[in-house]
Every structure is written in structure tokens, then in C-alpha cells.
$ cat input_36.cif   # mmCIF, C-alpha atoms
data_upload
loop_
_atom_site.label_atom_id
_atom_site.label_comp_id
_atom_site.auth_asym_id
_atom_site.auth_seq_id
_atom_site.Cartn_x
_atom_site.Cartn_y
_atom_site.Cartn_z
CA MET W 592 104.90 165.61 118.53
CA ASN W 593 105.61 163.08 115.82
CA ILE W 594 106.02 159.36 116.53
CA PRO W 595 109.82 159.24 115.92
CA ASP W 596 110.37 162.05 118.46
CA ILE W 597 108.12 160.36 121.02
CA ASP W 598 109.96 157.08 120.50
CA PHE W 599 113.33 158.80 120.86
CA LEU W 600 112.35 160.57 124.11
CA SER W 601 110.85 157.39 125.56
CA LYS W 602 114.01 155.37 124.86
CA LEU W 603 116.25 158.16 126.11
CA LEU W 604 114.34 158.51 129.37
CA HIS W 605 114.37 154.75 129.92
CA ALA W 606 118.12 154.61 129.33
CA GLU W 607 118.80 157.48 131.74
CA SER W 608 116.40 156.73 134.57
CA GLY W 609 114.59 153.48 133.87
CA LEU W 610 111.22 155.24 133.69
CA VAL W 611 108.76 153.80 131.21
CA ILE W 612 106.55 156.25 129.32
CA ASN W 613 104.49 154.59 126.63
CA ALA W 614 102.91 156.27 123.62
CA ASP W 615 99.58 156.64 125.42
CA LYS W 616 101.32 158.89 127.96
CA ALA W 617 103.24 160.98 125.44
CA TYR W 618 101.24 164.00 126.54
CA LEU W 619 103.48 164.06 129.63
CA PHE W 620 106.38 165.20 127.47
CA GLU W 621 104.42 168.20 126.30
CA SER W 622 103.21 169.15 129.79
CA ARG W 623 106.45 168.62 131.72
CA LEU W 624 109.13 169.81 129.32
CA VAL W 625 107.87 173.38 128.82
CA PRO W 626 109.88 174.68 131.82
CA VAL W 627 113.01 172.98 130.44
CA MET W 628 112.49 174.62 127.06
CA SER W 629 112.09 177.99 128.75
CA LYS W 630 115.21 177.48 130.86
CA PHE W 631 117.39 176.64 127.86
CA GLY W 632 115.76 179.05 125.43
CA ILE W 633 114.42 176.32 123.15
CA ALA W 634 111.45 177.28 121.00
CA SER W 635 109.70 173.94 120.48
CA LEU W 636 109.65 170.29 121.47
CA GLU W 637 110.95 169.41 118.02
CA ALA W 638 113.95 171.69 118.59
CA LEU W 639 114.46 170.17 122.03
CA VAL W 640 114.57 166.67 120.60
CA ALA W 641 116.97 167.84 117.88
CA ASP W 642 119.33 169.20 120.56
CA LEU W 643 119.10 165.97 122.54
CA ARG W 644 119.91 163.92 119.46
CA GLN W 645 123.18 165.84 119.11
CA LYS W 646 124.20 164.77 122.64
CA LYS W 647 126.16 167.96 123.22
CA ASP W 648 124.62 169.26 126.44
CA ARG W 649 124.61 166.94 129.44
CA GLY W 650 122.90 169.64 131.47
CA LEU W 651 119.94 169.62 129.08
CA LEU W 652 119.68 165.85 129.29
CA ASN W 653 119.74 165.94 133.09
CA SER W 654 117.05 168.63 133.14
CA VAL W 655 114.81 166.62 130.82
CA THR W 656 115.25 163.50 132.97
CA GLU W 657 114.48 165.37 136.18
CA ALA W 658 111.44 167.08 134.66
CA MET W 659 109.96 163.74 133.65
CA THR W 660 110.46 162.16 137.07
CA THR W 661 107.34 161.87 139.20
CA ASN W 662 107.90 163.68 142.51
CA GLU W 663 104.57 163.17 144.22
CA THR W 664 105.09 162.88 147.97
CA TYR W 665 103.83 164.22 151.27
CA PHE W 666 104.41 163.79 154.99
CA PHE W 667 103.42 160.38 156.42
CA ARG W 668 102.10 159.30 153.03
CA ASP W 669 99.76 156.29 153.28
CA THR W 670 100.11 156.16 157.09
CA LYS W 671 100.48 152.34 157.38
CA PRO W 672 104.22 152.13 156.56
CA PHE W 673 104.96 154.65 159.28
CA SER W 674 102.85 152.72 161.79
CA GLN W 675 104.82 149.61 160.84
CA PHE W 676 108.06 151.51 161.33
CA ARG W 677 106.97 152.80 164.74
CA GLU W 678 105.29 149.69 166.11
CA PHE W 679 107.25 146.79 164.57
CA ILE W 680 110.50 147.80 162.90
CA LEU W 681 111.89 150.19 165.52
CA PRO W 682 111.34 147.89 168.53
CA MET W 683 112.87 145.00 166.57
CA MET W 684 115.92 147.06 165.57
CA VAL W 685 116.43 148.36 169.10
CA LYS W 686 116.44 144.79 170.41
CA ASN W 687 118.82 143.50 167.73
CA ARG W 688 121.25 146.44 167.86
CA GLU W 689 121.32 147.18 171.55
CA SER W 690 125.08 146.59 171.74
CA ARG W 691 126.07 149.23 169.16
CA LYS W 692 123.11 151.64 169.41
CA GLN W 693 123.30 152.72 165.76
CA LEU W 694 120.54 152.80 163.19
CA ARG W 695 120.84 153.65 159.48
CA ILE W 696 117.74 154.27 157.38
CA TRP W 697 117.47 154.87 153.64
CA SER W 698 114.61 156.72 151.99
CA ALA W 699 115.02 155.85 148.30
CA ALA W 700 113.41 158.11 145.67
CA ALA W 701 113.01 160.69 148.43
CA ALA W 702 111.77 163.52 146.16
CA SER W 703 111.57 166.70 148.27
CA GLY W 704 112.24 164.87 151.52
CA GLN W 705 108.91 164.48 153.29
CA GLU W 706 109.26 160.71 153.78
CA ALA W 707 112.76 161.01 155.23
CA TYR W 708 111.71 163.78 157.60
CA SER W 709 108.61 161.83 158.62
CA LEU W 710 110.87 158.97 159.71
CA ALA W 711 113.09 161.43 161.54
CA MET W 712 110.13 162.82 163.47
CA ILE W 713 109.13 159.33 164.58
CA CYS W 714 112.69 158.66 165.73
CA GLN W 715 112.63 161.91 167.69
CA ASP W 716 109.55 160.66 169.52
CA PHE W 717 111.75 157.92 171.00
CA LYS W 718 114.94 159.86 171.67
CA HIS W 719 114.32 159.77 175.43
CA SER W 720 113.12 156.16 175.54
CA LEU W 721 113.84 153.44 172.95
CA LEU W 722 116.48 155.49 171.14
CA ARG W 723 118.15 157.12 174.14
CA ASP W 724 121.88 157.50 173.39
CA TRP W 725 121.41 156.04 169.90
CA GLN W 726 122.96 157.41 166.73
CA VAL W 727 120.29 157.56 164.05
CA THR W 728 121.26 158.42 160.47
CA ILE W 729 118.73 158.82 157.69
CA ILE W 730 119.82 159.07 154.06
CA GLY W 731 117.43 160.34 151.41
CA THR W 732 118.31 159.92 147.74
CA ASP W 733 116.70 161.02 144.51
CA ILE W 734 117.68 161.27 140.86
CA SER W 735 116.64 164.93 140.77
CA SER W 736 119.24 167.41 142.04
CA GLU W 737 116.49 170.04 142.22
CA MET W 738 114.46 167.87 144.59
CA ILE W 739 117.53 167.12 146.70
CA ASP W 740 118.24 170.85 147.06
CA ARG W 741 114.65 171.39 148.21
CA ALA W 742 114.91 168.52 150.68
CA ARG W 743 118.13 169.88 152.16
CA SER W 744 116.53 173.26 152.74
CA GLY W 745 113.69 171.63 154.67
CA ILE W 746 111.36 174.43 153.59
CA TYR W 747 107.76 173.62 152.69
CA SER W 748 104.68 175.53 151.71
CA GLN W 749 101.51 175.83 153.77
CA PHE W 750 99.85 173.35 151.40
CA GLU W 751 102.67 170.82 151.84
CA VAL W 752 102.60 170.88 155.65
CA GLN W 753 98.83 170.47 155.59
CA ARG W 754 99.11 167.20 153.65
CA GLY W 755 99.40 164.40 156.20
CA LEU W 756 101.44 166.24 158.85
CA PRO W 757 99.88 166.04 162.34
CA ILE W 758 99.54 169.48 163.92
CA ASN W 759 101.65 168.50 166.94
CA TYR W 760 104.60 167.73 164.62
CA LEU W 761 104.16 171.05 162.85
CA THR W 762 104.28 173.02 166.11
CA THR W 763 107.14 170.93 167.52
CA HIS W 764 109.50 170.59 164.56
CA PHE W 765 108.82 173.55 162.25
CA THR W 766 109.42 177.29 162.29
CA ARG W 767 107.31 179.65 160.20
CA ILE W 768 109.20 181.78 157.68
CA ASP W 769 106.81 184.25 156.04
CA ASN W 770 104.25 182.01 154.32
CA GLN W 771 106.43 178.88 154.48
CA TRP W 772 107.64 176.44 157.11
CA GLN W 773 111.15 175.15 157.77
CA ILE W 774 111.86 171.92 159.61
CA SER W 775 114.11 172.18 162.65
CA GLU W 776 117.89 172.25 162.38
CA GLU W 777 118.07 169.20 164.64
CA LEU W 778 116.12 167.09 162.14
CA ARG W 779 117.96 168.56 159.17
CA LYS W 780 121.21 167.39 160.77
CA MET W 781 119.76 163.92 161.27
CA VAL W 782 118.82 163.53 157.59
CA LYS W 783 121.39 163.66 154.78
CA PHE W 784 120.35 163.96 151.14
CA GLU W 785 122.26 162.83 148.06
CA THR W 786 121.54 162.45 144.36
CA ALA W 787 121.47 158.83 143.24
CA ASN W 788 120.01 156.85 140.38
CA LEU W 789 118.28 153.61 141.34
CA LYS W 790 119.41 152.10 138.05
CA ASN W 791 122.93 152.07 139.46
CA ILE W 792 122.72 152.14 143.24
CA PRO W 793 126.11 153.26 144.57
CA SER W 794 127.69 150.92 147.12
CA SER W 795 129.18 154.03 148.74
CA LEU W 796 125.81 154.60 150.41
CA GLY W 797 126.79 151.84 152.84
CA THR W 798 124.67 149.26 154.64
CA PHE W 799 121.21 150.09 155.98
CA ASP W 800 119.10 148.60 158.72
CA VAL W 801 115.85 149.90 157.24
CA ILE W 802 115.05 150.77 153.62
CA PHE W 803 111.93 152.55 152.41
CA CYS W 804 111.68 152.05 148.62
CA ARG W 805 108.10 153.10 148.06
CA ASN W 806 106.06 154.08 145.01
CA VAL W 807 108.95 153.99 142.57
CA LEU W 808 109.11 150.42 141.25
CA ILE W 809 105.71 150.95 139.60
CA TYR W 810 107.37 153.29 137.09
CA PHE W 811 109.92 150.68 135.97
CA ASP W 812 109.68 147.64 133.73
CA ILE W 813 110.10 144.14 135.20
CA GLN W 814 113.79 143.91 134.33
CA LEU W 815 114.66 147.14 136.09
CA ARG W 816 112.48 146.30 139.10
CA THR W 817 114.53 143.13 139.51
CA GLN W 818 117.75 145.12 139.12
CA VAL W 819 116.70 147.71 141.70
CA LEU W 820 115.64 145.08 144.23
CA ASP W 821 118.96 143.32 143.71
CA GLY W 822 120.76 146.57 144.51
CA VAL W 823 118.58 147.19 147.55
CA HIS W 824 119.31 143.67 148.79
CA ARG W 825 123.05 144.34 148.60
CA LEU W 826 122.71 147.38 150.89
CA LEU W 827 120.23 145.91 153.38
CA ALA W 828 121.60 144.34 156.57
CA PRO W 829 120.99 140.57 156.85
CA ASP W 830 118.42 141.20 159.58
CA GLY W 831 117.17 144.47 158.09
CA ALA W 832 113.71 145.54 156.97
CA MET W 833 112.40 146.86 153.66
CA ILE W 834 109.07 148.51 152.93
CA LEU W 835 107.62 148.94 149.43
CA GLY W 836 104.64 150.94 148.24
CA GLY W 837 101.12 149.66 148.84
CA THR W 838 100.72 148.44 145.24
CA GLU W 839 104.25 147.07 144.92
CA THR W 840 105.49 143.53 145.56
CA VAL W 841 108.53 141.29 145.10
CA MET W 842 106.39 138.41 143.83
CA GLY W 843 107.43 137.35 140.36
CA ILE W 844 110.24 139.90 140.42
CA SER W 845 112.80 138.90 143.06
CA GLU W 846 113.46 135.83 145.19
CA LEU W 847 115.80 137.73 147.51
CA PHE W 848 113.11 138.79 150.01
CA GLU W 849 110.32 137.35 152.09
CA MET W 850 107.84 138.95 154.46
CA TYR W 851 108.40 138.95 158.20
CA PRO W 852 105.85 136.52 159.68
CA GLU W 853 105.20 139.01 162.49
CA ASP W 854 104.21 141.74 160.03
CA ARG W 855 103.23 140.70 156.53
CA GLY W 856 103.81 144.16 155.11
CA VAL W 857 107.53 144.28 155.92
CA TYR W 858 110.17 142.40 153.93
CA ARG W 859 113.40 140.82 155.16
CA PRO W 860 116.34 139.79 152.96
CA LEU W 861 117.19 136.19 152.20
CA SER W 862 120.73 134.91 151.86
CA ARG W 863 121.81 134.70 148.24
CA ILE W 864 123.35 131.33 149.04
CA SER W 865 120.08 129.96 150.37
CA VAL W 866 118.20 131.33 147.35
CA LYS W 867 120.62 129.61 144.96
CA ALA W 868 120.40 126.37 146.92
CA ALA W 869 116.61 126.46 146.82
CA GLY W 870 116.71 127.11 143.08
#

$ encode --input "input_36.cif" --output "C-alpha cells"
Amino acid sequence: MNIPDIDFLSKLLHAESGLVINADKAYLFESRLVPVMSKFGIASLEALVADLRQKKDRGLLNSVTEAMTTNETYFFRDTKPFSQFREFILPMMVKNRESRKQLRIWSAAAASGQEAYSLAMICQDFKHSLLRDWQVTIIGTDISSEMIDRARSGIYSQFEVQRGLPINYLTTHFTRIDNQWQISEELRKMVKFETANLKNIPSSLGTFDVIFCRNVLIYFDIQLRTQVLDGVHRLLAPDGAMILGGTETVMGISELFEMYPEDRGVYRPLSRISVKAAG
């Protein structure tokens, strides 16, 4: 690929999704766009860029954006956030919302759904105790419609269920279909999946008590990280909880959050009024 084409694709991808791909990672265009070229019958990357420059096919643009999105995920990824959810966040939410017995959770950048379903499985563990008679709703969103379709199906390969999924959850919540596994209908009803772009978080998603926004900010520049955290803050309940990825932080990016003193890995929102007053 020539430099002008690389520059064009990089700017286009940033405008559409916020992802930052620098020149030193230009090889990703060549490795990830081959399936898109095959799907649309395009002979070369140069021809693909030429078609994109004409801005005639929104479907092609969406396919390119989705192909370039990183969709690495697996069940109970990194372990610690799920321990925090089980041991700190859930008990706190149950105490604070005892009167209405409703809990809304958002898995942002959900990819093929493993994080959202992992949270659902933990909630199921408490359906006869802490969460008895509670209404739990989990929303998973992703920019990729292909990933959302996969997540809705709840069907995973043998390799995918072997990555991080405890065997007791596999036997309890999954049914084998040939050489694949499908998560139970009960959990599929608990989790709803929608396409959404974190660059423009739709207010229609509603307010959430818990937000997992993990391993996605690292792909954005500072300006977009601030913008995304601002959008997350708008949807997080005043006494809600947010968890980021292990290498992600709000420091130097947003003043709208602080860590819970009881658990330094979980963030709580600050009032915009108090932030302005402090500034």
C-alpha cells in the first residue's frame, strides 16, 4: 500500500469508529481487509480505497470499519473484574436498590458477547439468594453488527468455551450442538445485544447501575477517551459502578470519576456540579 492510501484509511477509520491505526500498524489493513475484498468482489487494496473515496457504498464502509475493529474477548477475561462484580459491586447494589429490586448492567464493546454472558452467569448464581425476585437486565453493545449477531445466537466453539469458562458453568448453562455450544435460553433472554458506536453513545440505552467498559479505551486517542467517558458518565447512575480494563485509567483523561475507597479497582461517578465547583 502507498502512503496516501494508508493515510486515507487511517483517517477514515478514526472518523467512523475512533480507532487509531498509525503507519507502523498499516499491515493490519492488509491482513484484515482481505475478507471484505472477497465479499465485495474487489481485486486489490488500491481498488478498495478507490471505492471508499467515492463514498457510494455505505455497506462497504461499514464492513471495512467492522473488519478493523479488534474483537478479542473470552469468558471471564482477566478474572479480577468479575470477582469485583461478585464480591463488591453486587452486594452494594442489592443494598442500595432493595426497594425496587432492579439492576441494569451495560457491557460496552461486547464483541461476541462473552463478557455479558459471564456477568449473567454470576447473576444466576444469586437468583435464589441476593437476587431473589430481582429483575436483572444486561445490555451488550458493539460497533460490529456481525459480532452482535454472533452474541445473540449465544453459540460458541469448543475453543471459545475452553478459554476462561469454568467447567461447572459449561455443564450448567450450555447445550452441545454438534461441535459447538449454545448458552441457555434463560441467559439469552437476560442479555440483550444492540449495535452502538462509543463515539456517539445513544441516550436511548437508558441509565445503568453497572458499566463494564473494558479494553476499548486503549484503542482511542486522548480526546475520544475523554468523550467516551463523558458519555458513560451520562448513563451511569449517581451511585453506580464502572470497571475499566486492567491497563486503562481515568487519570489525566476525565475528572468525572473517582475510585470507591472500599475497592480501588472500581470507579464511581462524581457530580458534574461538584467537578465544576472544584475546578

$ atom_distance --input "input_36.cif" --atom1 "atom CA of Asp642 of chain W" --atom2 "atom CA of Leu624 of chain W"
13.5 Å

$ closest_residue --input "input_36.cif" --among "W:Asp800, W:Glu853, W:Glu737, W:Glu846" --to "Ala832 of chain W" --atoms "only C-alpha atoms"
W:Asp800

$ closest_residue --input "input_36.cif" --among "W:Gln749, W:Ser794, W:Ser862, W:Ser744" --to "Glu776 of chain W" --atoms "only C-alpha atoms"
W:Ser744

$ atom_distance --input "input_36.cif" --atom1 "atom CA of Ser674 of chain W" --atom2 "atom CA of Phe765 of chain W"
21.7 Å

$ residues_around --input "input_36.cif" --residues "Ser845 of chain W" --least-positions-apart "4" --cutoff "7 Å" --atoms "only C-alpha atoms" --output "count of residues only"
3

$ closest_residue --input "input_36.cif" --among "W:Thr786, W:Ser720, W:Ser698, W:Thr838" --to "Ile802 of chain W" --atoms "all atoms listed in the file"
W:Ser698

$ residues_around --input "input_36.cif" --residues "Gln693 of chain W" --least-positions-apart "2" --cutoff "7 Å" --atoms "only C-alpha atoms" --output "PyMOL selection string"
chain W and resi 688+691+695+725-727

$ resolve_selection --input "input_36.cif" --expression "the PyMOL selection byres ((chain W and resi 809) around 12)" --output "MDAnalysis selection string"
chainID W and resid 609:612 661 804:808 810:817 819 835:841 844

$ closest_residue --input "input_36.cif" --among "W:Gln715, W:Ser654, W:Gln773, W:Asn593" --to "Pro626 of chain W" --atoms "all atoms listed in the file"
W:Ser654

$ axis_aligned_box --input "input_36.cif" --around "segment 767-779 of chain W" --padding-each-side "4 Å" --output "lines of an AutoDock Vina configuration file"
center_x = 111.2
center_y = 175.7
center_z = 159.5
size_x = 21.8
size_y = 25.2
size_z = 18.3

$ closest_residue --input "input_36.cif" --among "W:Arg779, W:Phe599, W:Val625, W:Phe667" --to "Asn613 of chain W" --atoms "only C-alpha atoms"
W:Phe599

$ residues_around --input "input_36.cif" --residues "Thr766 of chain W" --least-positions-apart "2" --cutoff "12 Å" --atoms "all atoms listed in the file" --output "PyMOL selection string"
chain W and resi 745-749+752+760-764+768-776

$ residues_around --input "input_36.cif" --residues "Arg623 of chain W" --least-positions-apart "5" --cutoff "10 Å" --atoms "all atoms listed in the file" --output "number ranges by chain"
W: 618, 628, 655, 657-660

$ residues_around --input "input_36.cif" --residues "segment 676-683 of chain W" --least-positions-apart "3" --cutoff "8 Å" --atoms "all atoms listed in the file" --output "compact mmCIF listing (two decimals) with C-alpha atoms, in the coordinates of the input"
# COMPACT_ATOMS: atom_id res chain seq x y z
CA PRO W 672 104.22 152.13 156.56
CA PHE W 673 104.96 154.65 159.28
CA LYS W 686 116.44 144.79 170.41
CA ASN W 687 118.82 143.50 167.73
CA ILE W 713 109.13 159.33 164.58
CA LEU W 721 113.84 153.44 172.95
CA ALA W 832 113.71 145.54 156.97
CA ASP W 854 104.21 141.74 160.03

$ resolve_selection --input "input_36.cif" --expression "the PyMOL selection byres ((chain W and resi 706) around 8)" --output "ChimeraX atom specification"
/W:664-668,698,701,704-705,707-710

$ closest_residue --input "input_36.cif" --among "W:Leu619, W:Val782, W:Ala614, W:Met592" --to "Ala638 of chain W" --atoms "only C-alpha atoms"
W:Met592

$ atom_distance --input "input_36.cif" --atom1 "atom CA of Asp733 of chain W" --atom2 "atom CA of Ala787 of chain W"
5.4 Å

$ residues_near_point --input "input_36.cif" --point "(108.1, 154.4, 121.1)" --cutoff "10 Å" --atoms "all atoms listed in the file" --output "list in words"
Ile594, Pro595, Asp596, Ile597, Asp598, Phe599, Leu600, Ser601, Lys602, Ile612, Asn613, Ala614, Asp615 and Ala617 of chain W

$ resolve_selection --input "input_36.cif" --expression "the PyMOL selection byres ((chain W and resi 651) around 10)" --output "number ranges by chain"
W: 627-628, 630-631, 639, 642-643, 646-650, 652-657

$ write_last_selection --input "input_36.cif" --atoms "C-alpha atoms" --output "PDB file, in the coordinates of the input"
ATOM      1  CA  VAL W 627     113.010 172.980 130.440  1.00  0.00           C
ATOM      2  CA  MET W 628     112.490 174.620 127.060  1.00  0.00           C
ATOM      3  CA  LYS W 630     115.210 177.480 130.860  1.00  0.00           C
ATOM      4  CA  PHE W 631     117.390 176.640 127.860  1.00  0.00           C
ATOM      5  CA  LEU W 639     114.460 170.170 122.030  1.00  0.00           C
ATOM      6  CA  ASP W 642     119.330 169.200 120.560  1.00  0.00           C
ATOM      7  CA  LEU W 643     119.100 165.970 122.540  1.00  0.00           C
ATOM      8  CA  LYS W 646     124.200 164.770 122.640  1.00  0.00           C
ATOM      9  CA  LYS W 647     126.160 167.960 123.220  1.00  0.00           C
ATOM     10  CA  ASP W 648     124.620 169.260 126.440  1.00  0.00           C
ATOM     11  CA  ARG W 649     124.610 166.940 129.440  1.00  0.00           C
ATOM     12  CA  GLY W 650     122.900 169.640 131.470  1.00  0.00           C
ATOM     13  CA  LEU W 652     119.680 165.850 129.290  1.00  0.00           C
ATOM     14  CA  ASN W 653     119.740 165.940 133.090  1.00  0.00           C
ATOM     15  CA  SER W 654     117.050 168.630 133.140  1.00  0.00           C
ATOM     16  CA  VAL W 655     114.810 166.620 130.820  1.00  0.00           C
ATOM     17  CA  THR W 656     115.250 163.500 132.970  1.00  0.00           C
ATOM     18  CA  GLU W 657     114.480 165.370 136.180  1.00  0.00           C
TER      19      GLU W 657
END

$ build_atoms --input "input_36.cif" --residues "segment 611-634 of chain W" --atoms "N, CA and C atoms" --output "PDB file, in the frame of the given file"
ATOM      1  N   VAL W 611     109.435 154.274 132.415  1.00  0.00           N
ATOM      2  CA  VAL W 611     108.760 153.800 131.210  1.00  0.00           C
ATOM      3  C   VAL W 611     107.590 154.720 130.908  1.00  0.00           C
ATOM      4  N   ILE W 612     107.658 155.407 129.770  1.00  0.00           N
ATOM      5  CA  ILE W 612     106.550 156.250 129.320  1.00  0.00           C
ATOM      6  C   ILE W 612     106.137 155.755 127.935  1.00  0.00           C
ATOM      7  N   ASN W 613     104.978 155.134 127.874  1.00  0.00           N
ATOM      8  CA  ASN W 613     104.490 154.590 126.630  1.00  0.00           C
ATOM      9  C   ASN W 613     103.827 155.667 125.780  1.00  0.00           C
ATOM     10  N   ALA W 614     103.490 155.301 124.549  1.00  0.00           N
ATOM     11  CA  ALA W 614     102.910 156.270 123.620  1.00  0.00           C
ATOM     12  C   ALA W 614     101.623 156.888 124.143  1.00  0.00           C
ATOM     13  N   ASP W 615     100.849 156.108 124.916  1.00  0.00           N
ATOM     14  CA  ASP W 615      99.580 156.640 125.420  1.00  0.00           C
ATOM     15  C   ASP W 615      99.780 157.696 126.503  1.00  0.00           C
ATOM     16  N   LYS W 616     101.021 157.851 126.981  1.00  0.00           N
ATOM     17  CA  LYS W 616     101.320 158.890 127.960  1.00  0.00           C
ATOM     18  C   LYS W 616     102.279 159.936 127.404  1.00  0.00           C
ATOM     19  N   ALA W 617     102.340 160.021 126.086  1.00  0.00           N
ATOM     20  CA  ALA W 617     103.240 160.980 125.440  1.00  0.00           C
ATOM     21  C   ALA W 617     102.895 162.418 125.773  1.00  0.00           C
ATOM     22  N   TYR W 618     101.641 162.645 126.165  1.00  0.00           N
ATOM     23  CA  TYR W 618     101.240 164.000 126.540  1.00  0.00           C
ATOM     24  C   TYR W 618     102.067 164.536 127.709  1.00  0.00           C
ATOM     25  N   LEU W 619     102.658 163.633 128.496  1.00  0.00           N
ATOM     26  CA  LEU W 619     103.480 164.060 129.630  1.00  0.00           C
ATOM     27  C   LEU W 619     104.719 164.829 129.161  1.00  0.00           C
ATOM     28  N   PHE W 620     105.237 164.461 127.990  1.00  0.00           N
ATOM     29  CA  PHE W 620     106.380 165.200 127.470  1.00  0.00           C
ATOM     30  C   PHE W 620     106.003 166.651 127.214  1.00  0.00           C
ATOM     31  N   GLU W 621     104.844 166.854 126.640  1.00  0.00           N
ATOM     32  CA  GLU W 621     104.420 168.200 126.300  1.00  0.00           C
ATOM     33  C   GLU W 621     104.128 169.027 127.561  1.00  0.00           C
ATOM     34  N   SER W 622     103.575 168.400 128.578  1.00  0.00           N
ATOM     35  CA  SER W 622     103.210 169.150 129.790  1.00  0.00           C
ATOM     36  C   SER W 622     104.384 169.420 130.717  1.00  0.00           C
ATOM     37  N   ARG W 623     105.372 168.491 130.735  1.00  0.00           N
ATOM     38  CA  ARG W 623     106.450 168.620 131.720  1.00  0.00           C
ATOM     39  C   ARG W 623     107.728 169.250 131.184  1.00  0.00           C
ATOM     40  N   LEU W 624     107.872 169.309 129.867  1.00  0.00           N
ATOM     41  CA  LEU W 624     109.130 169.810 129.320  1.00  0.00           C
ATOM     42  C   LEU W 624     109.100 171.289 128.963  1.00  0.00           C
ATOM     43  N   VAL W 625     107.957 171.941 129.109  1.00  0.00           N
ATOM     44  CA  VAL W 625     107.870 173.380 128.820  1.00  0.00           C
ATOM     45  C   VAL W 625     108.832 174.191 129.680  1.00  0.00           C
ATOM     46  N   PRO W 626     108.915 173.928 131.007  1.00  0.00           N
ATOM     47  CA  PRO W 626     109.880 174.680 131.820  1.00  0.00           C
ATOM     48  C   PRO W 626     111.332 174.466 131.385  1.00  0.00           C
ATOM     49  N   VAL W 627     111.655 173.265 130.918  1.00  0.00           N
ATOM     50  CA  VAL W 627     113.010 172.980 130.440  1.00  0.00           C
ATOM     51  C   VAL W 627     113.296 173.787 129.178  1.00  0.00           C
ATOM     52  N   MET W 628     112.335 173.838 128.284  1.00  0.00           N
ATOM     53  CA  MET W 628     112.490 174.620 127.060  1.00  0.00           C
ATOM     54  C   MET W 628     112.702 176.096 127.387  1.00  0.00           C
ATOM     55  N   SER W 629     111.947 176.587 128.347  1.00  0.00           N
ATOM     56  CA  SER W 629     112.090 177.990 128.750  1.00  0.00           C
ATOM     57  C   SER W 629     113.457 178.253 129.359  1.00  0.00           C
ATOM     58  N   LYS W 630     113.925 177.337 130.200  1.00  0.00           N
ATOM     59  CA  LYS W 630     115.210 177.480 130.860  1.00  0.00           C
ATOM     60  C   LYS W 630     116.365 177.533 129.876  1.00  0.00           C
ATOM     61  N   PHE W 631     116.289 176.721 128.816  1.00  0.00           N
ATOM     62  CA  PHE W 631     117.390 176.640 127.860  1.00  0.00           C
ATOM     63  C   PHE W 631     117.145 177.458 126.592  1.00  0.00           C
ATOM     64  N   GLY W 632     116.035 178.205 126.586  1.00  0.00           N
ATOM     65  CA  GLY W 632     115.760 179.050 125.430  1.00  0.00           C
ATOM     66  C   GLY W 632     115.473 178.269 124.164  1.00  0.00           C
ATOM     67  N   ILE W 633     114.758 177.170 124.295  1.00  0.00           N
ATOM     68  CA  ILE W 633     114.420 176.320 123.150  1.00  0.00           C
ATOM     69  C   ILE W 633     112.974 176.586 122.753  1.00  0.00           C
ATOM     70  N   ALA W 634     112.742 176.793 121.468  1.00  0.00           N
ATOM     71  CA  ALA W 634     111.450 177.280 121.000  1.00  0.00           C
ATOM     72  C   ALA W 634     110.360 176.222 120.917  1.00  0.00           C
TER      73      ALA W 634
END
